[in-house]
>>> print(open('final.cif').read())   # mmCIF, C-alpha atoms
data_entry
#
loop_
_atom_site.group_PDB
_atom_site.id
_atom_site.type_symbol
_atom_site.label_atom_id
_atom_site.label_comp_id
_atom_site.auth_asym_id
_atom_site.auth_seq_id
_atom_site.Cartn_x
_atom_site.Cartn_y
_atom_site.Cartn_z
ATOM 1 C CA MET F 291 -41.233 -17.473 28.504
ATOM 2 C CA PHE F 292 -38.688 -16.790 25.740
ATOM 3 C CA PHE F 293 -36.007 -15.501 28.120
ATOM 4 C CA PRO F 294 -35.874 -18.345 30.698
ATOM 5 C CA VAL F 295 -36.378 -21.040 28.057
ATOM 6 C CA SER F 296 -33.567 -19.628 25.927
ATOM 7 C CA LYS F 297 -31.190 -19.655 28.900
ATOM 8 C CA VAL F 298 -31.921 -23.317 29.660
ATOM 9 C CA ILE F 299 -31.606 -24.381 26.021
ATOM 10 C CA PHE F 300 -28.341 -22.495 25.546
ATOM 11 C CA PHE F 301 -26.914 -24.156 28.665
ATOM 12 C CA LEU F 302 -27.741 -27.626 27.373
ATOM 13 C CA ILE F 303 -26.559 -27.180 23.795
ATOM 14 C CA THR F 304 -23.476 -25.069 24.444
ATOM 15 C CA PRO F 305 -20.831 -27.186 22.658
ATOM 16 C CA SER F 306 -18.447 -27.586 25.603
ATOM 17 C CA ASN F 307 -21.326 -28.570 27.907
ATOM 18 C CA PHE F 308 -22.840 -30.841 25.265
ATOM 19 C CA CYS F 309 -19.540 -32.673 24.718
ATOM 20 C CA ILE F 310 -19.041 -33.211 28.442
ATOM 21 C CA PHE F 311 -22.611 -34.500 28.801
ATOM 22 C CA ALA F 312 -22.018 -36.865 25.860
ATOM 23 C CA ILE F 313 -18.814 -38.219 27.408
ATOM 24 C CA LEU F 314 -20.409 -38.766 30.828
ATOM 25 C CA LEU F 315 -23.545 -40.299 29.349
ATOM 26 C CA GLY F 316 -21.503 -42.568 27.087
ATOM 27 C CA ILE F 317 -19.410 -43.814 30.005
ATOM 28 C CA ALA F 318 -22.539 -44.416 32.083
ATOM 29 C CA VAL F 319 -24.248 -46.306 29.259
ATOM 30 C CA ALA F 320 -21.144 -48.441 28.673
ATOM 31 C CA ALA F 321 -20.801 -49.215 32.378
ATOM 32 C CA VAL F 322 -24.362 -50.087 33.391
ATOM 33 C CA THR F 323 -26.174 -51.232 30.240
ATOM 34 C CA ARG F 324 -25.808 -53.837 27.512
ATOM 35 C CA TRP F 325 -25.043 -51.146 24.934
ATOM 36 C CA ARG F 326 -21.362 -50.951 25.793
ATOM 37 C CA ARG F 327 -20.214 -50.287 22.225
ATOM 38 C CA ALA F 328 -22.782 -47.522 21.706
ATOM 39 C CA GLY F 329 -21.820 -45.919 25.017
ATOM 40 C CA LEU F 330 -18.119 -45.975 24.221
ATOM 41 C CA GLY F 331 -18.864 -44.585 20.770
ATOM 42 C CA LEU F 332 -20.816 -41.691 22.279
ATOM 43 C CA ALA F 333 -18.012 -40.965 24.750
ATOM 44 C CA LEU F 334 -15.446 -41.041 21.929
ATOM 45 C CA LEU F 335 -17.556 -38.704 19.797
ATOM 46 C CA GLY F 336 -17.826 -36.222 22.665
ATOM 47 C CA THR F 337 -14.063 -36.386 23.206
ATOM 48 C CA LEU F 338 -13.259 -35.811 19.520
ATOM 49 C CA LEU F 339 -15.696 -32.901 19.277
ATOM 50 C CA LEU F 340 -14.229 -31.367 22.420
ATOM 51 C CA GLY F 341 -10.731 -31.599 20.978
ATOM 52 C CA ALA F 342 -11.735 -30.273 17.545
ATOM 53 C CA ALA F 343 -13.644 -27.343 18.992
ATOM 54 C CA GLY F 344 -10.839 -26.486 21.395
ATOM 55 C CA LEU F 345 -7.720 -26.876 19.280
ATOM 56 C CA ALA F 346 -8.723 -26.783 15.604
ATOM 57 C CA PRO F 347 -9.721 -23.589 13.683
ATOM 58 C CA LEU F 348 -13.387 -24.595 13.996
ATOM 59 C CA SER F 349 -14.173 -21.691 16.313
ATOM 60 C CA ASP F 350 -12.537 -19.162 13.994
ATOM 61 C CA VAL F 351 -14.443 -20.503 10.990
ATOM 62 C CA ALA F 352 -17.687 -20.078 12.934
ATOM 63 C CA LEU F 353 -16.883 -16.569 14.204
ATOM 64 C CA ILE F 354 -15.335 -14.920 11.151
ATOM 65 C CA PRO F 355 -18.544 -14.578 9.062
ATOM 66 C CA LEU F 356 -20.208 -12.852 12.020
ATOM 67 C CA GLU F 357 -17.314 -10.493 12.694
ATOM 68 C CA GLN F 358 -16.803 -9.636 9.019
ATOM 69 C CA ARG F 359 -20.492 -8.925 8.379
ATOM 70 C CA PHE F 360 -20.156 -5.232 9.252
ATOM 71 C CA PRO F 361 -17.042 -3.222 8.366
ATOM 72 C CA ALA F 362 -15.244 -1.040 10.873
ATOM 73 C CA TYR F 363 -17.008 2.265 11.426
ATOM 74 C CA PRO F 364 -15.798 4.937 8.966
ATOM 75 C CA ASP F 365 -14.772 8.028 10.899
ATOM 76 C CA ASP F 366 -16.366 10.464 8.463
ATOM 77 C CA GLY F 367 -19.662 12.198 7.853
ATOM 78 C CA PRO F 368 -21.651 14.210 10.370
ATOM 79 C CA ALA F 369 -21.205 13.676 14.081
ATOM 80 C CA PRO F 370 -23.748 11.262 15.520
ATOM 81 C CA ALA F 371 -26.760 12.547 17.413
ATOM 82 C CA GLY F 372 -26.389 9.686 19.835
ATOM 83 C CA ILE F 373 -24.398 6.603 20.805
ATOM 84 C CA ILE F 374 -25.878 3.387 22.158
ATOM 85 C CA VAL F 375 -23.598 0.928 23.927
ATOM 86 C CA LEU F 376 -24.989 -2.501 24.726
ATOM 87 C CA GLY F 377 -24.234 -4.228 27.996
ATOM 88 C CA GLY F 378 -22.422 -7.524 28.273
ATOM 89 C CA GLY F 379 -18.920 -6.309 29.064
ATOM 90 C CA ILE F 380 -19.243 -5.922 32.830
ATOM 91 C CA GLU F 381 -19.397 -8.597 35.529
ATOM 92 C CA THR F 382 -22.234 -7.177 37.604
ATOM 93 C CA SER F 383 -22.069 -9.540 40.581
ATOM 94 C CA LEU F 384 -18.305 -9.110 40.976
ATOM 95 C CA SER F 385 -18.549 -5.352 40.464
ATOM 96 C CA GLU F 386 -21.207 -5.102 43.122
ATOM 97 C CA ALA F 387 -19.360 -7.351 45.567
ATOM 98 C CA ARG F 388 -15.972 -5.670 45.103
ATOM 99 C CA ARG F 389 -17.381 -2.133 44.753
ATOM 100 C CA GLN F 390 -15.367 -1.465 41.613
ATOM 101 C CA ILE F 391 -15.931 -2.027 37.925
ATOM 102 C CA VAL F 392 -14.937 -5.532 36.797
ATOM 103 C CA VAL F 393 -15.002 -6.136 33.048
ATOM 104 C CA ASN F 394 -15.016 -9.447 31.193
ATOM 105 C CA ASP F 395 -13.698 -10.409 27.762
ATOM 106 C CA ALA F 396 -16.197 -8.008 26.144
ATOM 107 C CA GLY F 397 -14.830 -5.092 28.147
ATOM 108 C CA GLU F 398 -14.215 -3.053 24.996
ATOM 109 C CA ARG F 399 -17.886 -2.051 25.066
ATOM 110 C CA PRO F 400 -17.646 0.270 28.101
ATOM 111 C CA ILE F 401 -14.142 1.341 27.037
ATOM 112 C CA TYR F 402 -15.496 2.680 23.753
ATOM 113 C CA LEU F 403 -18.380 4.334 25.570
ATOM 114 C CA ALA F 404 -15.772 6.592 27.189
ATOM 115 C CA ASP F 405 -13.813 7.054 23.962
ATOM 116 C CA LEU F 406 -16.844 8.039 21.893
ATOM 117 C CA ALA F 407 -18.125 10.316 24.653
ATOM 118 C CA ARG F 408 -14.856 12.236 24.378
ATOM 119 C CA ARG F 409 -14.845 12.287 20.581
ATOM 120 C CA TYR F 410 -18.458 13.437 20.269
ATOM 121 C CA PRO F 411 -19.127 15.803 23.188
ATOM 122 C CA ALA F 412 -22.586 16.784 21.919
ATOM 123 C CA ALA F 413 -23.884 13.232 21.355
ATOM 124 C CA ARG F 414 -26.441 11.634 23.634
ATOM 125 C CA LEU F 415 -24.979 8.640 25.472
ATOM 126 C CA VAL F 416 -27.149 5.584 26.057
ATOM 127 C CA PHE F 417 -26.008 2.519 27.950
ATOM 128 C CA SER F 418 -28.447 -0.383 27.631
ATOM 129 C CA GLY F 419 -28.036 -3.307 29.997
ATOM 130 C CA GLY F 420 -30.190 -4.937 32.654
ATOM 131 C CA SER F 421 -29.403 -7.717 35.073
ATOM 132 C CA GLY F 422 -29.287 -10.597 32.594
ATOM 133 C CA PHE F 423 -30.861 -12.895 35.186
ATOM 134 C CA ILE F 424 -34.349 -14.353 35.352
ATOM 135 C CA ALA F 425 -34.856 -12.584 38.666
ATOM 136 C CA GLY F 426 -32.701 -10.336 40.812
ATOM 137 C CA GLY F 427 -29.181 -9.064 40.336
ATOM 138 C CA MET F 428 -27.957 -5.523 39.833
ATOM 139 C CA ALA F 429 -28.441 -4.027 36.385
ATOM 140 C CA GLU F 430 -25.305 -3.466 34.356
ATOM 141 C CA ALA F 431 -26.422 0.086 33.569
ATOM 142 C CA ASP F 432 -26.517 0.833 37.305
ATOM 143 C CA ILE F 433 -22.916 -0.364 37.666
ATOM 144 C CA VAL F 434 -21.907 1.974 34.828
ATOM 145 C CA SER F 435 -23.714 4.844 36.536
ATOM 146 C CA ARG F 436 -21.887 4.200 39.822
ATOM 147 C CA GLN F 437 -18.498 3.804 38.135
ATOM 148 C CA ALA F 438 -18.869 6.440 35.420
ATOM 149 C CA ASP F 439 -15.978 8.513 36.769
ATOM 150 C CA VAL F 440 -13.697 5.454 36.756
ATOM 151 C CA ILE F 441 -14.196 4.792 33.043
ATOM 152 C CA GLY F 442 -14.121 8.500 32.199
ATOM 153 C CA VAL F 443 -17.744 9.028 31.197
ATOM 154 C CA PRO F 444 -19.540 12.205 32.323
ATOM 155 C CA ARG F 445 -22.300 10.931 34.582
ATOM 156 C CA THR F 446 -24.542 13.861 33.656
ATOM 157 C CA ARG F 447 -24.586 12.796 30.001
ATOM 158 C CA LEU F 448 -25.582 9.184 30.615
ATOM 159 C CA ILE F 449 -29.011 7.913 29.614
ATOM 160 C CA LEU F 450 -29.458 4.551 31.310
ATOM 161 C CA GLU F 451 -31.669 1.703 30.140
ATOM 162 C CA ASN F 452 -31.546 -0.851 32.955
ATOM 163 C CA ARG F 453 -34.506 -3.166 32.280
ATOM 164 C CA SER F 454 -33.341 -5.166 29.264
ATOM 165 C CA ARG F 455 -32.307 -8.803 29.658
ATOM 166 C CA ASN F 456 -31.453 -9.634 26.055
ATOM 167 C CA THR F 457 -30.714 -8.032 22.696
ATOM 168 C CA HIS F 458 -34.363 -7.814 21.666
ATOM 169 C CA GLU F 459 -35.138 -5.828 24.816
ATOM 170 C CA ASN F 460 -32.000 -3.684 24.353
ATOM 171 C CA ALA F 461 -33.427 -2.473 21.063
ATOM 172 C CA ALA F 462 -37.079 -2.138 22.062
ATOM 173 C CA PHE F 463 -36.424 -0.357 25.357
ATOM 174 C CA SER F 464 -33.733 1.931 23.911
ATOM 175 C CA ALA F 465 -36.009 2.991 21.054
ATOM 176 C CA ALA F 466 -38.829 3.776 23.490
ATOM 177 C CA LEU F 467 -36.449 5.656 25.780
ATOM 178 C CA VAL F 468 -34.731 8.000 23.307
ATOM 179 C CA GLN F 469 -37.386 8.161 20.540
ATOM 180 C CA PRO F 470 -34.920 8.929 17.717
ATOM 181 C CA LYS F 471 -35.962 11.493 15.131
ATOM 182 C CA LEU F 472 -35.995 10.839 11.399
ATOM 183 C CA GLY F 473 -32.630 11.576 9.851
ATOM 184 C CA GLU F 474 -30.647 11.400 13.089
ATOM 185 C CA ARG F 475 -27.412 9.417 13.029
ATOM 186 C CA TRP F 476 -26.986 6.969 15.888
ATOM 187 C CA LEU F 477 -24.026 4.672 16.528
ATOM 188 C CA LEU F 478 -24.532 1.189 17.945
ATOM 189 C CA VAL F 479 -21.572 -0.187 19.879
ATOM 190 C CA THR F 480 -21.390 -3.906 20.580
ATOM 191 C CA SER F 481 -19.122 -6.871 19.903
ATOM 192 C CA ALA F 482 -18.394 -7.498 16.220
ATOM 193 C CA TRP F 483 -19.685 -11.095 16.428
ATOM 194 C CA HIS F 484 -22.911 -9.813 18.025
ATOM 195 C CA MET F 485 -23.479 -6.929 15.605
ATOM 196 C CA PRO F 486 -25.669 -8.741 12.999
ATOM 197 C CA ARG F 487 -28.262 -9.805 15.571
ATOM 198 C CA ALA F 488 -28.098 -6.456 17.376
ATOM 199 C CA VAL F 489 -28.587 -4.394 14.208
ATOM 200 C CA GLY F 490 -31.435 -6.692 13.166
ATOM 201 C CA CYS F 491 -33.200 -6.091 16.487
ATOM 202 C CA PHE F 492 -32.821 -2.324 16.211
ATOM 203 C CA ARG F 493 -34.147 -2.373 12.643
ATOM 204 C CA GLN F 494 -37.123 -4.400 13.758
ATOM 205 C CA ALA F 495 -37.737 -1.822 16.502
ATOM 206 C CA GLY F 496 -37.763 0.933 13.877
ATOM 207 C CA PHE F 497 -34.464 2.368 15.057
ATOM 208 C CA THR F 498 -31.883 3.026 12.298
ATOM 209 C CA VAL F 499 -28.323 2.710 13.595
ATOM 210 C CA ASP F 500 -24.792 2.702 12.199
ATOM 211 C CA ALA F 501 -22.643 -0.211 13.351
ATOM 212 C CA PHE F 502 -19.561 0.483 15.468
ATOM 213 C CA PRO F 503 -18.166 -3.037 16.047
ATOM 214 C CA VAL F 504 -15.661 -3.681 18.837
ATOM 215 C CA ASP F 505 -14.388 -6.714 20.776
ATOM 216 C CA TYR F 506 -13.034 -8.702 17.830
ATOM 217 C CA ARG F 507 -12.011 -12.308 18.548
ATOM 218 C CA THR F 508 -10.366 -13.068 15.185
ATOM 219 C CA ARG F 509 -7.972 -11.263 12.856
ATOM 220 C CA GLY F 510 -10.123 -12.013 9.826
ATOM 221 C CA TRP F 511 -10.152 -14.708 7.150
ATOM 222 C CA SER F 512 -6.463 -15.447 7.693
ATOM 223 C CA ASP F 513 -7.469 -17.209 10.919
ATOM 224 C CA VAL F 514 -9.158 -20.099 9.107
ATOM 225 C CA ALA F 515 -5.834 -21.911 9.503
ATOM 226 C CA HIS F 516 -5.302 -20.824 13.098
ATOM 227 C CA PHE F 517 -4.833 -23.604 15.657
ATOM 228 C CA HIS F 518 -5.267 -22.741 19.317
ATOM 229 C CA GLY F 519 -2.464 -23.251 21.790
ATOM 230 C CA PHE F 520 -4.951 -23.768 24.608
ATOM 231 C CA ALA F 521 -8.119 -25.787 24.179
ATOM 232 C CA SER F 522 -9.906 -23.509 26.643
ATOM 233 C CA ASP F 523 -9.445 -20.555 24.264
ATOM 234 C CA GLY F 524 -10.924 -22.408 21.319
ATOM 235 C CA LEU F 525 -13.822 -23.767 23.364
ATOM 236 C CA LEU F 526 -14.687 -20.300 24.652
ATOM 237 C CA GLN F 527 -14.800 -18.964 21.099
ATOM 238 C CA PHE F 528 -16.715 -21.923 19.726
ATOM 239 C CA ASP F 529 -19.327 -21.731 22.499
ATOM 240 C CA LEU F 530 -19.716 -18.042 21.723
ATOM 241 C CA ALA F 531 -20.073 -18.589 17.978
ATOM 242 C CA VAL F 532 -22.575 -21.443 18.221
ATOM 243 C CA LYS F 533 -24.687 -19.506 20.718
ATOM 244 C CA GLU F 534 -24.733 -16.504 18.379
ATOM 245 C CA TRP F 535 -25.702 -18.532 15.300
ATOM 246 C CA ILE F 536 -28.482 -20.237 17.242
ATOM 247 C CA GLY F 537 -29.551 -16.839 18.547
ATOM 248 C CA LEU F 538 -29.824 -15.516 14.994
ATOM 249 C CA VAL F 539 -32.104 -18.393 14.009
ATOM 250 C CA ALA F 540 -34.201 -18.122 17.179
ATOM 251 C CA TYR F 541 -34.605 -14.354 16.828
ATOM 252 C CA ARG F 542 -35.628 -14.630 13.181
ATOM 253 C CA LEU F 543 -38.213 -17.312 13.982
ATOM 254 C CA SER F 544 -39.515 -15.207 16.879
ATOM 255 C CA GLY F 545 -39.868 -12.128 14.678
ATOM 256 C CA TYR F 546 -37.232 -10.158 16.587
ATOM 257 C CA THR F 547 -35.097 -9.555 13.467
ATOM 258 C CA PRO F 548 -36.146 -8.973 9.853
ATOM 259 C CA ASP F 549 -33.419 -11.159 8.297
ATOM 260 C CA TRP F 550 -31.582 -14.405 9.006
ATOM 261 C CA LEU F 551 -28.205 -12.649 8.945
ATOM 262 C CA PRO F 552 -28.644 -8.861 8.956
ATOM 263 C CA GLY F 553 -25.949 -6.953 7.133
ATOM 264 C CA PRO F 554 -25.095 -3.369 6.182
ATOM 265 C CA ASP F 555 -27.511 -3.304 3.238
ATOM 266 C CA SER F 556 -30.056 -5.915 4.294
ATOM 267 C CA ARG F 557 -33.675 -4.961 4.978
ATOM 268 C CA GLY F 558 -36.569 -6.792 6.457
ATOM 269 C CA ALA F 559 -39.142 -8.366 4.189
ATOM 270 C CA SER F 560 -41.890 -6.196 5.671
ATOM 271 C CA GLU F 561 -39.940 -3.005 4.872
ATOM 272 C CA ALA F 562 -39.300 -4.122 1.311
ATOM 273 C CA ALA F 563 -42.934 -5.075 0.854
ATOM 274 C CA SER F 564 -44.050 -1.711 2.221
ATOM 275 C CA GLU F 565 -41.812 0.160 -0.196
ATOM 276 C CA ALA F 566 -42.998 -2.020 -3.084
ATOM 277 C CA GLY F 567 -46.580 -1.203 -2.182
ATOM 278 C CA SER F 568 -45.771 2.508 -2.104
ATOM 279 C CA ASP F 569 -44.158 2.287 -5.544
ATOM 280 C CA ARG F 570 -47.257 0.605 -6.973
ATOM 281 C CA ARG F 571 -49.425 3.405 -5.625
#
>>> encode(input="final.cif", output="C-alpha cells")
Amino acid sequence: MFFPVSKVIFFLITPSNFCIFAILLGIAVAAVTRWRRAGLGLALLGTLLLGAAGLAPLSDVALIPLEQRFPAYPDDGPAPAGIIVLGGGIETSLSEARRQIVVNDAGERPIYLADLARRYPAARLVFSGGSGFIAGGMAEADIVSRQADVIGVPRTRLILENRSRNTHENAAFSAALVQPKLGERWLLVTSAWHMPRAVGCFRQAGFTVDAFPVDYRTRGWSDVAHFHGFASDGLLQFDLAVKEWIGLVAYRLSGYTPDWLPGPDSRGASEAASEAGSDRR
C-alpha cells in the first residue's frame, strides 16, 4: 500500500497543487458560505505562497542542503567494480510513443551512465528503473536497453533492473540482482538532491555505495539570494524539494533508511548498535 498511498499524498501536498487548491477552495467558501472573510483569507494565503515559492529563493533554500550533503565524486582511488544508475531521467511514455529516447530535467542520469561506461570499461553497469506507475507502463530500464546505442552504452554490458517503482525498491532489487562482494567499490549515480535518500536506502539494503551526484539544480549556498525570473522555475524546484524532504521523513518512519538525513559519514542506528555490541564482546 505504501506506493499508491505515497503517490496520492504527494499529489495533494505538492506545494503548487496545494496553493491552487487553497485558492479555489477559498474562493468557493467566500462565494457560497457565510465565511466570506475566512474564504478570502485562504485564497490570499494560497496566492502569497504561490508567489513566494515561485519567485523568491525559497526553493533554493530548500534544495541546497540536499544537494550539498554529498560532495562531488573524487576521481581517485581504485576503479569501481560496478556502477548503478537510478531511473527517473527518461520519459517512458513519450519514448515508447515516439520510438526514441526522450529525457526530462533529470536527463544527466543516463548521460553519465554512458560517460562512466567509457571511463571504466571493466565495471559492471546496472540501470535500475521500473515503470513508476501503479499498474502498466513500460519500464525505464527497457527503454534504456532499446536505446542503448543512441546514448553510447554497450548493450552487452547492461544489467537491467526493471521492477522497481521507487527508491526503496531500486536499492533492494539492485542488491539482490548483483549481490555485491565485501570490499567492492560501487558508484551510485542519481540526482544530487535525491542522493541522501538513495544512499540511505542502499545502506539499509546492506549495499555500500559511493555517491556520484549529478543533475544539480542550484549553484550552492550563493543561491540563497537568488530570485527566479519565471515563477514556473521556482515552483518546479520547490515542489521537488518539498517532495524530497517529505520522502526522507516517510522513508525513515517506514524503516527504509537508517537516518533522517543520510550523509557521507552517517550510519544507521542498528549498524552502530551492532558494532558497539561487538566491541563489548
>>> residues_around(input="final.cif", residues="Ala431 of chain F", least_positions_apart="6", cutoff="12 Å", atoms="all atoms listed in the file", output="VMD selection string")
chain F and resid 374 to 382 385 391 400 415 to 422 437 to 438 445 448 to 455 460
>>> resolve_selection(input="final.cif", expression="the PyMOL selection byres ((chain F and resi 528-531) around 8)", output="list in words")
Thr304, Pro305, Ser306, Ala343, Gly344, Leu348, Ser349, Asp350, Ala352, Leu353, Trp483, Gly524, Leu525, Leu526, Gln527, Val532, Lys533, Glu534 and Trp535 of chain F
>>> closest_atom_pairs(input="final.cif", of="segment 324-434 of chain F", to="segment 489-513 of chain F", cutoff="7 Å", atoms="only C-alpha atoms", output="CSV")
residue,atom,partner,partner_atom,distance
F:Asp350,CA,F:Asp513,CA,6.2
F:Ile354,CA,F:Gly510,CA,6.1
F:Glu357,CA,F:Tyr506,CA,6.9
F:Phe360,CA,F:Ala501,CA,6.9
F:Ala362,CA,F:Pro503,CA,6.3
F:Tyr363,CA,F:Phe502,CA,5.1
F:Ala396,CA,F:Asp505,CA,5.8
F:Glu398,CA,F:Asp505,CA,5.6
F:Arg399,CA,F:Val504,CA,6.8
>>> resolve_selection(input="final.cif", expression="the PyMOL selection byres ((chain F and resi 412) around 10)", output="ChimeraX atom specification")
/F:369-372,407-411,413-415,447
>>> write_last_selection(input="final.cif", atoms="C-alpha atoms", output="PDB file, in the coordinates of the input")
ATOM      1  CA  ALA F 369     -21.205  13.676  14.081  1.00  0.00           C
ATOM      2  CA  PRO F 370     -23.748  11.262  15.520  1.00  0.00           C
ATOM      3  CA  ALA F 371     -26.760  12.547  17.413  1.00  0.00           C
ATOM      4  CA  GLY F 372     -26.389   9.686  19.835  1.00  0.00           C
ATOM      5  CA  ALA F 407     -18.125  10.316  24.653  1.00  0.00           C
ATOM      6  CA  ARG F 408     -14.856  12.236  24.378  1.00  0.00           C
ATOM      7  CA  ARG F 409     -14.845  12.287  20.581  1.00  0.00           C
ATOM      8  CA  TYR F 410     -18.458  13.437  20.269  1.00  0.00           C
ATOM      9  CA  PRO F 411     -19.127  15.803  23.188  1.00  0.00           C
ATOM     10  CA  ALA F 413     -23.884  13.232  21.355  1.00  0.00           C
ATOM     11  CA  ARG F 414     -26.441  11.634  23.634  1.00  0.00           C
ATOM     12  CA  LEU F 415     -24.979   8.640  25.472  1.00  0.00           C
ATOM     13  CA  ARG F 447     -24.586  12.796  30.001  1.00  0.00           C
TER      14      ARG F 447
END
>>> closest_residue(input="final.cif", among="F:Thr337, F:Ser464, F:Thr547, F:Thr323", to="Phe311 of chain F", atoms="only C-alpha atoms")
F:Thr337
>>> residues_around(input="final.cif", residues="Ala488 of chain F", least_positions_apart="4", cutoff="8 Å", atoms="only C-alpha atoms", output="PyMOL selection string")
chain F and resi 457-458+461+480+484+492
>>> resolve_selection(input="final.cif", expression="the PyMOL selection byres ((chain F and resi 330-335) around 9)", output="PyMOL selection string")
chain F and resi 309-317+319-320+325-329+336-340
>>> atom_distance(input="final.cif", atom1="atom CA of Ala482 of chain F", atom2="atom CA of Leu538 of chain F")
14.0 Å
>>> atom_distance(input="final.cif", atom1="atom CA of Arg359 of chain F", atom2="atom CA of Gly553 of chain F")
5.9 Å
>>> closest_residue(input="final.cif", among="F:Val351, F:Val479, F:Val434, F:Leu472", to="Ile373 of chain F", atoms="only C-alpha atoms")
F:Val479
>>> atom_distance(input="final.cif", atom1="atom CA of Phe517 of chain F", atom2="atom CA of Gln358 of chain F")
19.6 Å
>>> closest_residue(input="final.cif", among="F:Leu403, F:Gly473, F:Ser481, F:Ile433", to="Arg388 of chain F", atoms="only C-alpha atoms")
F:Ile433
>>> closest_residue(input="final.cif", among="F:Phe301, F:Glu386, F:Glu474, F:Trp550", to="Arg436 of chain F", atoms="all atoms listed in the file")
F:Glu386
>>> closest_residue(input="final.cif", among="F:Asp365, F:Ala521, F:Asp432, F:Tyr402", to="Ser383 of chain F", atoms="only C-alpha atoms")
F:Asp432
>>> closest_residue(input="final.cif", among="F:Met428, F:Leu356, F:Ala404, F:Leu551", to="Ala387 of chain F", atoms="all atoms listed in the file")
F:Met428
>>> build_atoms(input="final.cif", residues="segment 311-323 of chain F", atoms="N, CA and C atoms", output="compact mmCIF listing (two decimals), in the frame of the given file")
# COMPACT_ATOMS: atom_id res chain seq x y z
N PHE F 311 -21.43 -33.66 28.54
CA PHE F 311 -22.61 -34.50 28.80
C PHE F 311 -22.54 -35.79 27.99
N ALA F 312 -22.11 -35.68 26.72
CA ALA F 312 -22.02 -36.86 25.86
C ALA F 312 -20.99 -37.85 26.40
N ILE F 313 -19.85 -37.34 26.86
CA ILE F 313 -18.81 -38.22 27.41
C ILE F 313 -19.32 -38.93 28.66
N LEU F 314 -19.92 -38.18 29.58
CA LEU F 314 -20.41 -38.77 30.83
C LEU F 314 -21.53 -39.76 30.58
N LEU F 315 -22.44 -39.39 29.66
CA LEU F 315 -23.54 -40.30 29.35
C LEU F 315 -23.03 -41.56 28.68
N GLY F 316 -22.06 -41.41 27.77
CA GLY F 316 -21.50 -42.57 27.09
C GLY F 316 -20.82 -43.52 28.05
N ILE F 317 -20.07 -42.97 29.00
CA ILE F 317 -19.41 -43.81 30.00
C ILE F 317 -20.44 -44.53 30.86
N ALA F 318 -21.50 -43.81 31.25
CA ALA F 318 -22.54 -44.42 32.08
C ALA F 318 -23.25 -45.54 31.33
N VAL F 319 -23.57 -45.29 30.06
CA VAL F 319 -24.25 -46.31 29.26
C VAL F 319 -23.36 -47.54 29.10
N ALA F 320 -22.07 -47.32 28.84
CA ALA F 320 -21.14 -48.44 28.67
C ALA F 320 -20.97 -49.23 29.96
N ALA F 321 -21.07 -48.56 31.10
CA ALA F 321 -20.80 -49.22 32.38
C ALA F 321 -21.99 -49.99 32.93
N VAL F 322 -23.21 -49.49 32.69
CA VAL F 322 -24.36 -50.09 33.39
C VAL F 322 -25.41 -50.69 32.46
N THR F 323 -25.19 -50.65 31.16
CA THR F 323 -26.17 -51.23 30.24
C THR F 323 -25.51 -52.24 29.31
